[in-house]
Amino acid sequence: MENVENRLRAALGDMPPFSFGAWALGGEYWGDQAHSDSVRAVHRALALGVTHFDTAPVYGKGRSEQILGQQLRKIRSEVTLATKVFYSTPEKMVESFHSSLKRLMTDYIDIFYIHWPLSGCDMRPGMETLMKLKEEGRIRALGLSNFSSDQIEMVQEAGEADVFQGGYNILFPELEKELLPFLQERGIAFIPYGVLAQGILTDRGLEHLEKEHQGFRHKMVLYSPEIRERVKSLVDELLKACREAGFTVEQAVSEYSRRRTGAATVLLGVRNRKQAELNFDRGASSLPKALTGLMDRITREGASLVPGSPNLFNHIS
């Protein structure tokens with residue numbers, strides 16, 4: 001998928017294969033988050049070669065942005081930062097952009113996304129506004145997140161998106177059906193989030209997460225009671241195969257998903273030093289055929305788990 005990444009690469013250069021998703025640093029949705037854990041997570045990721053960090057003002061009401069700004073300001077030129085804005089009036093979007101600059105302690109954003117679309121709204125004025133910021137050099141690459149293909153086509157009438165960010169994993173490969181081919185045809189790079197299904201595709205697994213976390217996390221479609229046993233069975237099978245092959249599930253799933261989708265980089269959520277090591281301390285990148293074959297099958301089965309859901313949260317804004 002070489003042609004897909006050209007525009008993003010032209011703006012930012014080569015992206016690292018795996019990047020730091022900083023939603024959890026904001027706490028709230030993810031539960032209590034110690035500042036010291038956040039700091040250690042960022043610096044361990046840096047030591048392991050991570051150079052791209054993704055955040056948003058809504059992650060802890062700006063807390064995630066502030067932490068990244070504080071920890072990365074001395075090496076700002078050596079990393080790339082992504083943040084976001086909800087679609088609103090052009091004036092409010094510009095105001096949010098400048099607030100993010102302050103929290104991130106920078107005067108430009110490497111990738112600036114419209115976080116969620118606003119259904120039934122003409123979003124071209126906001127896109128025009130962000131294109132002006134890009135022309136001024138305040139934004140290096142412009143992104144869209146959680147948009148449908150129709151919504152992407154609408155805003156493309158007012159500007160050019162360089163990258164799309166969307167929820168994807170082997171239990172929820174919905175984007176493969178229409179959106180990924182659409183992006184490839186239009187030369188828009190793809191960056192997935194939710195590749196580990198917010199922890200379901202880890203050693204913690206579904207049962208542990210159900211006991212440990214109550215609240216917003218369980219609004220994700222993969223927690224639907226109707227598919228619970230099927231999800232658990234698939235995850236248990238994958239965990240066993242990864243152990244036998246000598247891979248962590250984080251390594252196997254993220255590498256497989258990157259290759260399958262042709263992603264420019266894969267976002268992996270991190271909240272402490274241990275998770276940074278699990279996600280970014282990479283072993284051998286060559287996956288055994290048996291393990292790849294199993295993930296092929298899980299992806300095929302995943303396509304029928306929650307068919308038709310527009311995103312991991314079944315959310316329409």
# chains A, B, ... in the order shown; residues from 1 in each chain; ligands from 1
$ residues_around --residues "segment 107-116 of chain A" --least-positions-apart "6" --cutoff "8 Å" --atoms "only C-alpha atoms" --output "PyMOL selection string"
chain A and resi 12+80-87+101+137-147+317
$ residues_around --residues "segment 216-230 of chain A" --least-positions-apart "6" --cutoff "12 Å" --atoms "only C-alpha atoms" --output "compact mmCIF listing (two decimals) with C-alpha atoms, in the first residue's frame"
# COMPACT_ATOMS: atom_id res chain seq x y z
CA ALA A 24 -5.43 6.54 29.30
CA GLU A 28 -11.52 9.29 33.76
CA TYR A 29 -12.78 6.65 31.30
CA TRP A 30 -9.84 4.42 32.20
CA GLY A 31 -10.00 4.88 35.98
CA GLY A 167 -11.14 1.77 15.38
CA TYR A 168 -9.94 -1.59 14.10
CA ASN A 169 -8.95 -4.97 15.49
CA ILE A 170 -9.21 -8.63 14.51
CA LEU A 171 -12.46 -8.95 16.49
CA PHE A 172 -13.85 -5.84 14.81
CA PRO A 173 -12.47 -5.62 11.26
CA GLU A 174 -15.49 -3.66 9.99
CA GLY A 194 -8.22 -0.06 19.46
CA LEU A 196 -5.88 -4.56 21.32
CA ALA A 197 -9.65 -4.05 21.81
CA GLN A 198 -9.00 -1.90 24.88
CA GLY A 199 -7.34 -4.80 26.66
CA ILE A 200 -9.59 -7.67 25.57
CA LEU A 201 -6.82 -8.88 23.25
CA GLY A 205 -8.80 -10.89 28.75
CA LEU A 206 -12.51 -10.26 28.88
CA GLU A 207 -13.36 -11.75 32.29
CA LEU A 209 -11.65 -6.52 32.49
CA GLU A 210 -15.32 -7.07 33.28
CA ASP A 236 -8.49 -17.86 24.80
CA GLU A 237 -7.53 -19.69 21.61
CA ILE A 298 -10.37 -14.85 13.87
CA GLU A 301 -15.16 -14.61 12.38
CA GLY A 302 -14.80 -11.12 13.83
CA ALA A 303 -16.48 -9.68 10.75
CA SER A 304 -19.73 -11.35 11.82
CA LEU A 305 -19.62 -10.56 15.55
CA VAL A 306 -21.20 -7.10 15.38
CA PRO A 307 -21.94 -6.53 11.69
CA GLY A 308 -22.97 -3.06 10.63
CA SER A 309 -21.75 -1.20 13.72
CA PRO A 310 -20.24 2.08 12.47
CA ASN A 311 -17.39 2.03 15.03
CA LEU A 312 -16.11 0.25 18.14
CA PHE A 313 -18.55 2.21 20.30
CA ASN A 314 -21.57 2.09 17.98
CA HIS A 315 -21.55 5.85 18.44
$ closest_residue --among "A:Thr299, A:Ser64, A:Ser77, A:Ser88" --to "Val231 of chain A" --atoms "only C-alpha atoms"
A:Thr299
$ atom_distance --atom1 "atom CA of Ala56 of chain A" --atom2 "atom CA of Leu179 of chain A"
23.0 Å
$ atom_distance --atom1 "atom CA of Ser286 of chain A" --atom2 "atom CA of Pro17 of chain A"
14.1 Å
$ closest_atom_pairs --of "segment 255-300 of chain A" --to "segment 183-192 of chain A" --cutoff "9 Å" --atoms "only C-alpha atoms" --output "tab-separated table"
residue	atom	partner	partner_atom	distance
A:Ser257	CA	A:Pro192	CA	8.7
A:Arg258	CA	A:Pro192	CA	8.4
A:Thr261	CA	A:Phe190	CA	7.9
A:Gly262	CA	A:Phe190	CA	7.5
A:Ala263	CA	A:Phe190	CA	5.1
A:Ala264	CA	A:Ile191	CA	5.8
A:Thr265	CA	A:Ile191	CA	5.6
A:Val266	CA	A:Pro192	CA	5.6
A:Leu267	CA	A:Pro192	CA	6.2
A:Leu268	CA	A:Pro192	CA	8.9
$ atom_distance --atom1 "atom CA of Leu25 of chain A" --atom2 "atom CA of Met131 of chain A"
29.1 Å
$ closest_residue --among "A:Gln33, A:Arg260, A:Gly13, A:Leu130" --to "Glu176 of chain A" --atoms "only C-alpha atoms"
A:Arg260
$ select_by_dssp --residues "segment 6-172 of chain A" --states "alpha helix (DSSP H)" --output "NGL selection string"
:A and (6-12 or 35-47 or 63-72 or 90-104 or 124-135 or 149-156)
$ closest_residue --among "A:Gln156, A:Thr51, A:Ser148, A:Asn279" --to "Arg76 of chain A" --atoms "only C-alpha atoms"
A:Thr51
$ closest_residue --among "A:Ala34, A:Leu291, A:Ile75, A:Leu104" --to "Cys242 of chain A" --atoms "only C-alpha atoms"
A:Leu291
$ closest_residue --among "A:Glu136, A:Phe18, A:Arg271, A:Gln165" --to "Val253 of chain A" --atoms "only C-alpha atoms"
A:Phe18
$ select_by_dssp --residues "segment 81-168 of chain A" --states "strand (DSSP E or B)" --output "PyMOL selection string"
chain A and resi 81-85+109-114+139-145+163-167
$ closest_residue --among "A:Leu72, A:Val42, A:Ala47, A:Met127" --to "Glu157 of chain A" --atoms "only C-alpha atoms"
A:Met127
